[in-house]
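Engineer: Okay, so here is target37.cif, and as you'll see once you scroll down, it has mmCIF, C-alpha atoms and all ligand atoms.
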```cif
data_target
loop_
_atom_site.group_PDB
_atom_site.id
_atom_site.type_symbol
_atom_site.label_atom_id
_atom_site.label_comp_id
_atom_site.auth_asym_id
_atom_site.auth_seq_id
_atom_site.Cartn_x
_atom_site.Cartn_y
_atom_site.Cartn_z
ATOM 1 C CA MET Q 1 -5.631 18.345 -6.553
ATOM 2 C CA ALA Q 2 -5.933 17.002 -10.029
ATOM 3 C CA ARG Q 3 -7.895 14.172 -11.493
ATOM 4 C CA LEU Q 4 -6.288 12.384 -14.402
ATOM 5 C CA ASN Q 5 -7.973 10.605 -17.291
ATOM 6 C CA ILE Q 6 -8.033 6.814 -16.923
ATOM 7 C CA LEU Q 7 -7.344 4.841 -20.122
ATOM 8 C CA GLU Q 8 -9.822 2.029 -20.736
ATOM 9 C CA TYR Q 9 -9.372 -1.388 -22.284
ATOM 10 C CA PRO Q 10 -8.535 -1.987 -25.108
ATOM 11 C CA HIS Q 11 -6.615 1.314 -25.362
ATOM 12 C CA PRO Q 12 -3.270 0.466 -27.037
ATOM 13 C CA ARG Q 13 -1.273 2.664 -24.619
ATOM 14 C CA LEU Q 14 -2.227 0.300 -21.759
ATOM 15 C CA ARG Q 15 0.159 -2.165 -23.459
ATOM 16 C CA LEU Q 16 3.292 -0.014 -23.092
ATOM 17 C CA LYS Q 17 6.012 -1.034 -20.641
ATOM 18 C CA ALA Q 18 6.735 1.551 -17.939
ATOM 19 C CA ALA Q 19 10.290 2.779 -17.279
ATOM 20 C CA PRO Q 20 11.919 2.842 -13.826
ATOM 21 C CA VAL Q 21 11.793 6.136 -11.925
ATOM 22 C CA THR Q 22 15.352 7.471 -11.692
ATOM 23 C CA GLN Q 23 14.657 10.116 -9.056
ATOM 24 C CA VAL Q 24 11.713 10.579 -6.687
ATOM 25 C CA ASP Q 25 11.457 14.327 -7.188
ATOM 26 C CA GLU Q 26 8.683 16.969 -7.069
ATOM 27 C CA ARG Q 27 7.273 15.737 -10.363
ATOM 28 C CA ILE Q 28 6.872 12.170 -9.094
ATOM 29 C CA VAL Q 29 5.367 13.362 -5.778
ATOM 30 C CA GLN Q 30 2.840 15.426 -7.785
ATOM 31 C CA LEU Q 31 2.043 12.396 -9.948
ATOM 32 C CA VAL Q 32 1.503 10.264 -6.816
ATOM 33 C CA ASP Q 33 -0.846 12.870 -5.308
ATOM 34 C CA ASP Q 34 -2.810 13.227 -8.561
ATOM 35 C CA MET Q 35 -3.067 9.433 -8.807
ATOM 36 C CA PHE Q 36 -4.536 9.279 -5.277
ATOM 37 C CA ASP Q 37 -7.123 11.936 -6.217
ATOM 38 C CA THR Q 38 -7.955 10.009 -9.383
ATOM 39 C CA MET Q 39 -8.251 6.671 -7.573
ATOM 40 C CA ALA Q 40 -10.397 8.101 -4.758
ATOM 41 C CA GLU Q 41 -12.775 9.778 -7.193
ATOM 42 C CA ALA Q 42 -13.143 6.522 -9.136
ATOM 43 C CA GLN Q 43 -13.504 4.515 -5.892
ATOM 44 C CA GLY Q 44 -10.612 2.237 -6.733
ATOM 45 C CA ILE Q 45 -8.252 0.344 -4.448
ATOM 46 C CA GLY Q 46 -5.248 0.390 -6.765
ATOM 47 C CA LEU Q 47 -3.982 2.459 -9.689
ATOM 48 C CA ALA Q 48 -0.819 2.189 -11.791
ATOM 49 C CA ALA Q 49 0.686 5.198 -13.630
ATOM 50 C CA SER Q 50 0.237 3.301 -16.930
ATOM 51 C CA GLN Q 51 -3.535 3.649 -16.463
ATOM 52 C CA VAL Q 52 -3.261 7.446 -16.503
ATOM 53 C CA ASP Q 53 -0.975 7.356 -19.568
ATOM 54 C CA VAL Q 54 2.284 7.901 -17.684
ATOM 55 C CA GLN Q 55 4.746 5.108 -18.518
ATOM 56 C CA GLU Q 56 6.734 5.212 -15.275
ATOM 57 C CA ARG Q 57 6.887 2.612 -12.507
ATOM 58 C CA VAL Q 58 4.566 4.202 -9.942
ATOM 59 C CA ILE Q 59 1.632 2.551 -8.134
ATOM 60 C CA VAL Q 60 -0.807 3.867 -5.533
ATOM 61 C CA MET Q 61 -3.097 1.654 -3.466
ATOM 62 C CA ASP Q 62 -5.533 1.844 -0.574
ATOM 63 C CA ILE Q 63 -7.165 -1.447 0.290
ATOM 64 C CA SER Q 64 -8.441 -0.298 3.705
ATOM 65 C CA GLU Q 65 -12.142 -0.215 4.555
ATOM 66 C CA GLN Q 66 -11.918 3.415 5.741
ATOM 67 C CA ARG Q 67 -9.766 4.429 2.758
ATOM 68 C CA ASN Q 68 -7.184 5.907 5.095
ATOM 69 C CA GLU Q 69 -4.151 3.671 4.515
ATOM 70 C CA PRO Q 70 -2.494 5.098 1.392
ATOM 71 C CA ARG Q 71 0.301 2.985 -0.048
ATOM 72 C CA VAL Q 72 2.866 4.117 -2.626
ATOM 73 C CA TYR Q 73 5.168 1.777 -4.536
ATOM 74 C CA ILE Q 74 7.828 3.218 -6.829
ATOM 75 C CA ASN Q 75 9.930 0.773 -8.903
ATOM 76 C CA PRO Q 76 8.266 -2.178 -7.133
ATOM 77 C CA GLU Q 77 9.674 -5.717 -7.304
ATOM 78 C CA ILE Q 78 8.056 -8.832 -5.930
ATOM 79 C CA GLU Q 79 9.469 -12.149 -4.879
ATOM 80 C CA VAL Q 80 7.185 -15.138 -4.405
ATOM 81 C CA ILE Q 81 7.801 -16.405 -0.851
ATOM 82 C CA GLU Q 82 5.687 -19.532 -0.911
ATOM 83 C CA PRO Q 83 4.389 -21.639 -3.768
ATOM 84 C CA GLY Q 84 0.613 -21.726 -4.034
ATOM 85 C CA THR Q 85 -1.934 -19.491 -5.670
ATOM 86 C CA ILE Q 86 -5.268 -18.044 -4.624
ATOM 87 C CA PRO Q 87 -8.164 -17.214 -6.887
ATOM 88 C CA TYR Q 88 -9.479 -13.683 -6.411
ATOM 89 C CA GLU Q 89 -12.334 -11.875 -8.115
ATOM 90 C CA GLU Q 90 -10.460 -8.983 -9.751
ATOM 91 C CA GLY Q 91 -11.697 -5.758 -11.245
ATOM 92 C CA CYS Q 92 -9.853 -2.826 -12.801
ATOM 93 C CA LEU Q 93 -10.534 0.884 -13.252
ATOM 94 C CA SER Q 94 -9.464 0.406 -16.884
ATOM 95 C CA VAL Q 95 -12.045 -2.382 -17.340
ATOM 96 C CA PRO Q 96 -15.069 -0.796 -15.617
ATOM 97 C CA GLY Q 97 -17.994 -3.011 -14.696
ATOM 98 C CA PHE Q 98 -16.244 -6.373 -15.111
ATOM 99 C CA TYR Q 99 -14.975 -8.732 -12.416
ATOM 100 C CA GLU Q 100 -13.443 -12.149 -13.004
ATOM 101 C CA ALA Q 101 -11.501 -14.668 -10.928
ATOM 102 C CA VAL Q 102 -7.724 -14.764 -11.508
ATOM 103 C CA ASP Q 103 -5.167 -17.085 -9.831
ATOM 104 C CA ARG Q 104 -1.993 -15.487 -8.467
ATOM 105 C CA PRO Q 105 0.745 -16.323 -5.942
ATOM 106 C CA ALA Q 106 -0.739 -15.890 -2.459
ATOM 107 C CA HIS Q 107 2.337 -14.837 -0.479
ATOM 108 C CA VAL Q 108 4.943 -12.390 -1.784
ATOM 109 C CA MET Q 109 7.617 -9.982 -0.579
ATOM 110 C CA ILE Q 110 7.396 -6.479 -2.052
ATOM 111 C CA ARG Q 111 10.449 -4.233 -2.390
ATOM 112 C CA ALA Q 112 9.942 -0.650 -3.534
ATOM 113 C CA LEU Q 113 10.636 3.036 -2.904
ATOM 114 C CA ASP Q 114 8.139 5.149 -0.971
ATOM 115 C CA ARG Q 115 6.924 8.720 -1.633
ATOM 116 C CA ASP Q 116 10.128 10.065 -0.046
ATOM 117 C CA GLY Q 117 12.343 7.884 -2.226
ATOM 118 C CA ASN Q 118 13.272 5.551 0.644
ATOM 119 C CA ALA Q 119 13.529 1.806 0.043
ATOM 120 C CA PHE Q 120 11.202 -0.459 2.025
ATOM 121 C CA GLU Q 121 10.044 -4.069 2.146
ATOM 122 C CA GLU Q 122 6.578 -5.379 2.858
ATOM 123 C CA GLU Q 123 5.333 -8.942 3.167
ATOM 124 C CA ALA Q 124 1.981 -9.398 1.481
ATOM 125 C CA THR Q 125 -0.828 -11.957 1.551
ATOM 126 C CA GLY Q 126 -4.493 -11.845 0.581
ATOM 127 C CA LEU Q 127 -5.837 -8.781 -1.209
ATOM 128 C CA LEU Q 128 -2.581 -6.849 -0.765
ATOM 129 C CA ALA Q 129 -0.613 -9.604 -2.543
ATOM 130 C CA VAL Q 130 -3.195 -9.844 -5.317
ATOM 131 C CA CYS Q 131 -3.482 -6.101 -5.800
ATOM 132 C CA ILE Q 132 0.263 -5.377 -6.023
ATOM 133 C CA GLN Q 133 0.654 -8.115 -8.653
ATOM 134 C CA HIS Q 134 -2.299 -6.736 -10.627
ATOM 135 C CA GLU Q 135 -0.749 -3.246 -10.533
ATOM 136 C CA ILE Q 136 2.774 -4.421 -11.450
ATOM 137 C CA ASP Q 137 1.183 -6.181 -14.436
ATOM 138 C CA HIS Q 138 -0.056 -2.752 -15.598
ATOM 139 C CA LEU Q 139 3.544 -1.474 -15.541
ATOM 140 C CA GLU Q 140 4.454 -4.383 -17.851
ATOM 141 C CA GLY Q 141 1.524 -3.657 -20.177
ATOM 142 C CA ARG Q 142 -0.514 -6.613 -18.908
ATOM 143 C CA LEU Q 143 -4.173 -6.567 -17.848
ATOM 144 C CA PHE Q 144 -6.180 -9.051 -15.774
ATOM 145 C CA VAL Q 145 -8.283 -9.871 -18.842
ATOM 146 C CA ASP Q 146 -5.128 -11.429 -20.363
ATOM 147 C CA TYR Q 147 -5.559 -14.325 -17.886
ATOM 148 C CA LEU Q 148 -9.107 -15.051 -19.058
ATOM 149 C CA SER Q 149 -10.141 -17.243 -21.971
ATOM 150 C CA PRO Q 150 -10.043 -15.501 -25.373
ATOM 151 C CA LEU Q 151 -13.836 -15.859 -25.474
ATOM 152 C CA LYS Q 152 -14.387 -14.047 -22.155
ATOM 153 C CA ARG Q 153 -11.833 -11.379 -23.040
ATOM 154 C CA ASP Q 154 -13.450 -10.702 -26.394
ATOM 155 C CA ARG Q 155 -16.892 -10.478 -24.786
ATOM 156 C CA ILE Q 156 -15.601 -7.838 -22.358
ATOM 157 C CA ARG Q 157 -13.886 -5.906 -25.141
ATOM 158 C CA LYS Q 158 -17.074 -5.823 -27.233
ATOM 159 C CA LYS Q 159 -19.317 -4.823 -24.317
ATOM 160 C CA LEU Q 160 -16.995 -1.972 -23.322
ATOM 161 C CA LYS Q 161 -16.888 -0.758 -26.899
ATOM 162 C CA LYS Q 162 -20.678 -0.809 -27.079
ATOM 163 C CA GLN Q 163 -21.025 1.008 -23.713
ATOM 164 C CA ARG Q 164 -18.768 3.793 -24.912
ATOM 165 C CA ALA Q 165 -20.428 4.171 -28.304
HETATM 166 C C1 LIG B 201 -7.174 -3.833 -8.799
HETATM 167 O O1 LIG B 201 -8.962 -2.360 -9.105
HETATM 168 C C2 LIG B 201 -7.797 -4.998 -8.078
HETATM 169 O O2 LIG B 201 -15.232 -2.088 -12.455
HETATM 170 C C3 LIG B 201 -7.727 -2.492 -8.452
HETATM 171 O O3 LIG B 201 -16.920 -0.077 -11.952
HETATM 172 C C4 LIG B 201 -9.168 -5.096 -7.891
HETATM 173 O O4 LIG B 201 -9.501 -0.547 -7.939
HETATM 174 C C5 LIG B 201 -7.004 -5.992 -7.613
HETATM 175 C C6 LIG B 201 -13.358 -0.377 -9.869
HETATM 176 C C7 LIG B 201 -9.711 -6.182 -7.225
HETATM 177 C C8 LIG B 201 -7.543 -7.063 -6.945
HETATM 178 C C9 LIG B 201 -8.893 -7.152 -6.733
HETATM 179 C C10 LIG B 201 -13.711 -1.288 -10.825
HETATM 180 C C11 LIG B 201 -14.225 0.656 -9.597
HETATM 181 C C12 LIG B 201 -12.087 -0.475 -9.151
HETATM 182 C C13 LIG B 201 -14.893 -1.192 -11.504
HETATM 183 C C14 LIG B 201 -9.829 -1.365 -8.756
HETATM 184 C C15 LIG B 201 -15.760 -0.137 -11.244
HETATM 185 C C16 LIG B 201 -15.429 0.782 -10.280
HETATM 186 C C17 LIG B 201 -11.111 -1.362 -9.448
HETATM 187 CO CO CO B 202 -6.120 -2.494 -13.045
#
```
What would you get if you wrote out this structure as structure tokens?

Structural biologist:
Amino acid sequence: MARLNILEYPHPRLRLKAAPVTQVDERIVQLVDDMFDTMAEAQGIGLAASQVDVQERVIVMDISEQRNEPRVYINPEIEVIEPGTIPYEEGCLSVPGFYEAVDRPAHVMIRALDRDGNAFEEEATGLLAVCIQHEIDHLEGRLFVDYLSPLKRDRIRKKLKKQRA
């Protein structure tokens, strides 16, 4: 059990691109477990390794009501299955207290490795589709605030700075 520190916007390290995992070994399994502890404590539904200052392509999620459906995605890739986007009110553990609507593809296929290093595929719609895209953005150094107007983004940045001061 270990809780990791979550970087908050506009921390510059949130902008780094994460590298692919070359081997799902003990170290990665430990990272996954620590990320689940961190996400549960913070009451999140998704967390990317980039948010805990580890620049490797690892994501944990649990979008279930009971918080008992843990999902792990290592080196995830998505393919848009159907054109068409849905707006969804997104939040982020790295942007605490702020929620804004973002448009994203509504129907995607996810390909990734699981906690045992086995490849799997999962078709995703709704919150699952939105959340995996949000988390993959983190691995690329992108945040949901990047999709907002510069005015909204700047307002969020200033408020967070003030809150932390
Ligand atoms: C990403 O975000 C997401 O501001 C995961 O005070 C969220 O887990 C994708 C959280 C919504 C799609 C839709 C945010 C917790 C959790 C906060 C999260 C907060 C406490 C965010
Ligand atoms: Co996020």

Engineer: Extending 4 Å beyond the listed atoms of ligand LIG 201 (chain B) on each side, what axis-aligned box results? I want centre and edge lengths in Å to one decimal, as AutoDock Vina command-line options.

Structural biologist:
```
--center_x -12.0 --center_y -3.2 --center_z -9.6 --size_x 17.9 --size_y 15.9 --size_z 13.7
```

Engineer: Could you tell me how far CA of His107 in chain Q sits from CA of Leu148 in chain Q, in Å to one decimal place?

Structural biologist: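 Between these atoms lies a distance of 21.8 Å.
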
Engineer: List as an MDAnalysis selection string the protein and nucleic acid residues lying within 6 Å of ligand CO 202 (chain B), with all atoms listed in the file counted.

Structural biologist: chainID Q and resid 92:94 135

Engineer: Would you mind exporting the chosen residues as a PDB file, in the frame of the given file, restricted to C-alpha atoms?

Structural biologist:
```pdb
ATOM      1  CA  CYS Q  92      -9.853  -2.826 -12.801  1.00  0.00           C
ATOM      2  CA  LEU Q  93     -10.534   0.884 -13.252  1.00  0.00           C
ATOM      3  CA  SER Q  94      -9.464   0.406 -16.884  1.00  0.00           C
ATOM      4  CA  GLU Q 135      -0.749  -3.246 -10.533  1.00  0.00           C
TER       5      GLU Q 135
END
```

Engineer: Could you give me, as a PDB file with C-alpha atoms, in the coordinates of the input, every polymer residue with an atom at most 7 Å away from an atom of ligand LIG 201 (chain B), counting all atoms listed in the file?

Structural biologist:
```pdb
ATOM      1  CA  ALA Q  42     -13.143   6.522  -9.136  1.00  0.00           C
ATOM      2  CA  GLN Q  43     -13.504   4.515  -5.892  1.00  0.00           C
ATOM      3  CA  GLY Q  44     -10.612   2.237  -6.733  1.00  0.00           C
ATOM      4  CA  ILE Q  45      -8.252   0.344  -4.448  1.00  0.00           C
ATOM      5  CA  GLY Q  46      -5.248   0.390  -6.765  1.00  0.00           C
ATOM      6  CA  LEU Q  47      -3.982   2.459  -9.689  1.00  0.00           C
ATOM      7  CA  TYR Q  88      -9.479 -13.683  -6.411  1.00  0.00           C
ATOM      8  CA  GLU Q  89     -12.334 -11.875  -8.115  1.00  0.00           C
ATOM      9  CA  GLU Q  90     -10.460  -8.983  -9.751  1.00  0.00           C
ATOM     10  CA  GLY Q  91     -11.697  -5.758 -11.245  1.00  0.00           C
ATOM     11  CA  CYS Q  92      -9.853  -2.826 -12.801  1.00  0.00           C
ATOM     12  CA  LEU Q  93     -10.534   0.884 -13.252  1.00  0.00           C
ATOM     13  CA  VAL Q  95     -12.045  -2.382 -17.340  1.00  0.00           C
ATOM     14  CA  PRO Q  96     -15.069  -0.796 -15.617  1.00  0.00           C
ATOM     15  CA  GLY Q  97     -17.994  -3.011 -14.696  1.00  0.00           C
ATOM     16  CA  PHE Q  98     -16.244  -6.373 -15.111  1.00  0.00           C
ATOM     17  CA  TYR Q  99     -14.975  -8.732 -12.416  1.00  0.00           C
ATOM     18  CA  LEU Q 127      -5.837  -8.781  -1.209  1.00  0.00           C
ATOM     19  CA  VAL Q 130      -3.195  -9.844  -5.317  1.00  0.00           C
ATOM     20  CA  CYS Q 131      -3.482  -6.101  -5.800  1.00  0.00           C
ATOM     21  CA  HIS Q 134      -2.299  -6.736 -10.627  1.00  0.00           C
ATOM     22  CA  GLU Q 135      -0.749  -3.246 -10.533  1.00  0.00           C
TER      23      GLU Q 135
END
```

Engineer: So that I can see what lies close to Ala129 in chain Q, please list as a count of residues only the residues with an atom at most 10 Å from it, counting only C-alpha atoms and leaving out residues fewer than 6 positions away in the same chain.

Structural biologist: 12

Engineer: Can you tell me, as a PDB file with C-alpha atoms, in the frame of the given file, what residues are no more than 8 Å from range 50-59 of chain Q when counting all atoms listed in the file, ignoring any on the same chain fewer than 3 positions away?

Structural biologist:
```pdb
ATOM      1  CA  LEU Q   4      -6.288  12.384 -14.402  1.00  0.00           C
ATOM      2  CA  ASN Q   5      -7.973  10.605 -17.291  1.00  0.00           C
ATOM      3  CA  ILE Q   6      -8.033   6.814 -16.923  1.00  0.00           C
ATOM      4  CA  LEU Q   7      -7.344   4.841 -20.122  1.00  0.00           C
ATOM      5  CA  GLU Q   8      -9.822   2.029 -20.736  1.00  0.00           C
ATOM      6  CA  ARG Q  13      -1.273   2.664 -24.619  1.00  0.00           C
ATOM      7  CA  LEU Q  14      -2.227   0.300 -21.759  1.00  0.00           C
ATOM      8  CA  LEU Q  16       3.292  -0.014 -23.092  1.00  0.00           C
ATOM      9  CA  LYS Q  17       6.012  -1.034 -20.641  1.00  0.00           C
ATOM     10  CA  ALA Q  18       6.735   1.551 -17.939  1.00  0.00           C
ATOM     11  CA  ALA Q  19      10.290   2.779 -17.279  1.00  0.00           C
ATOM     12  CA  PRO Q  20      11.919   2.842 -13.826  1.00  0.00           C
ATOM     13  CA  VAL Q  21      11.793   6.136 -11.925  1.00  0.00           C
ATOM     14  CA  VAL Q  32       1.503  10.264  -6.816  1.00  0.00           C
ATOM     15  CA  MET Q  35      -3.067   9.433  -8.807  1.00  0.00           C
ATOM     16  CA  GLY Q  46      -5.248   0.390  -6.765  1.00  0.00           C
ATOM     17  CA  LEU Q  47      -3.982   2.459  -9.689  1.00  0.00           C
ATOM     18  CA  VAL Q  72       2.866   4.117  -2.626  1.00  0.00           C
ATOM     19  CA  TYR Q  73       5.168   1.777  -4.536  1.00  0.00           C
ATOM     20  CA  ILE Q  74       7.828   3.218  -6.829  1.00  0.00           C
ATOM     21  CA  ASN Q  75       9.930   0.773  -8.903  1.00  0.00           C
ATOM     22  CA  PRO Q  76       8.266  -2.178  -7.133  1.00  0.00           C
ATOM     23  CA  SER Q  94      -9.464   0.406 -16.884  1.00  0.00           C
ATOM     24  CA  GLU Q 135      -0.749  -3.246 -10.533  1.00  0.00           C
ATOM     25  CA  ILE Q 136       2.774  -4.421 -11.450  1.00  0.00           C
ATOM     26  CA  HIS Q 138      -0.056  -2.752 -15.598  1.00  0.00           C
ATOM     27  CA  LEU Q 139       3.544  -1.474 -15.541  1.00  0.00           C
ATOM     28  CA  GLY Q 141       1.524  -3.657 -20.177  1.00  0.00           C
TER      29      GLY Q 141
END
```

Engineer: So which one's closest to Asn118 in chain Q, Q:His11, Q:Val24, Q:Pro87, Q:Pro150? Using all atoms listed in the file, please.

Structural biologist: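 Nearest to Asn118 in chain Q: Q:Val24.
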
Engineer: One decimal, Å: what's the distance from CA of Gly117 in chain Q over to CA of Ala2 in chain Q, could you say?

Structural biologist: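 The value is 21.9 Å.
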
Engineer: Need the shell around Arg67 in chain Q: protein/DNA/RNA residues with any atom at most 9 Å away, counting only C-alpha atoms. Skip same-chain ones fewer than 3 positions apart. Format as a PyMOL selection string?

Structural biologist: chain Q and resi 40+45+62-64+70

Engineer: For the residues selected in the previous step, produce a file with C-alpha atoms as a PDB file, in the frame of the given file.

Structural biologist:
```pdb
ATOM      1  CA  ALA Q  40     -10.397   8.101  -4.758  1.00  0.00           C
ATOM      2  CA  ILE Q  45      -8.252   0.344  -4.448  1.00  0.00           C
ATOM      3  CA  ASP Q  62      -5.533   1.844  -0.574  1.00  0.00           C
ATOM      4  CA  ILE Q  63      -7.165  -1.447   0.290  1.00  0.00           C
ATOM      5  CA  SER Q  64      -8.441  -0.298   3.705  1.00  0.00           C
ATOM      6  CA  PRO Q  70      -2.494   5.098   1.392  1.00  0.00           C
TER       7      PRO Q  70
END
```

Engineer: With distances taken over only C-alpha atoms, which residue among Q:Asp154, Q:Glu26, Q:Asp103, Q:Leu143 lies nearest Gly126 in chain Q?

Structural biologist: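 Of all the options, Q:Asp103 lies closest to Gly126 in chain Q.
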
Engineer: For Glu41 in chain Q, which of Q:Leu113, Q:Leu151, Q:Leu160, Q:Met1 is the closest residue, counting all atoms listed in the file?

Structural biologist: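 Of all the options, Q:Met1 lies closest to Glu41 in chain Q.
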
Engineer: Between CA of Val29 in chain Q and CA of Gln66 in chain Q, what distance in Å does the model show, to one decimal?

Structural biologist: 23.0 Å

Engineer: Give as a list in words each residue that has an atom at most 8 Å from (11.3, -2.9, 3.1) in the file, counting only C-alpha atoms.

Structural biologist: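 Nearby residues: Ile110, Arg111, Ala112, Ala119, Phe120, Glu121 and Glu122 of chain Q.
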
Engineer: Around the point (-13.1, -12.2, -19.7) in the file's coordinates, collect all residues with an atom within 7 Å, using only C-alpha atoms, and return them as a PyMOL selection string.

Structural biologist: chain Q and resi 100+145+148-149+151-156
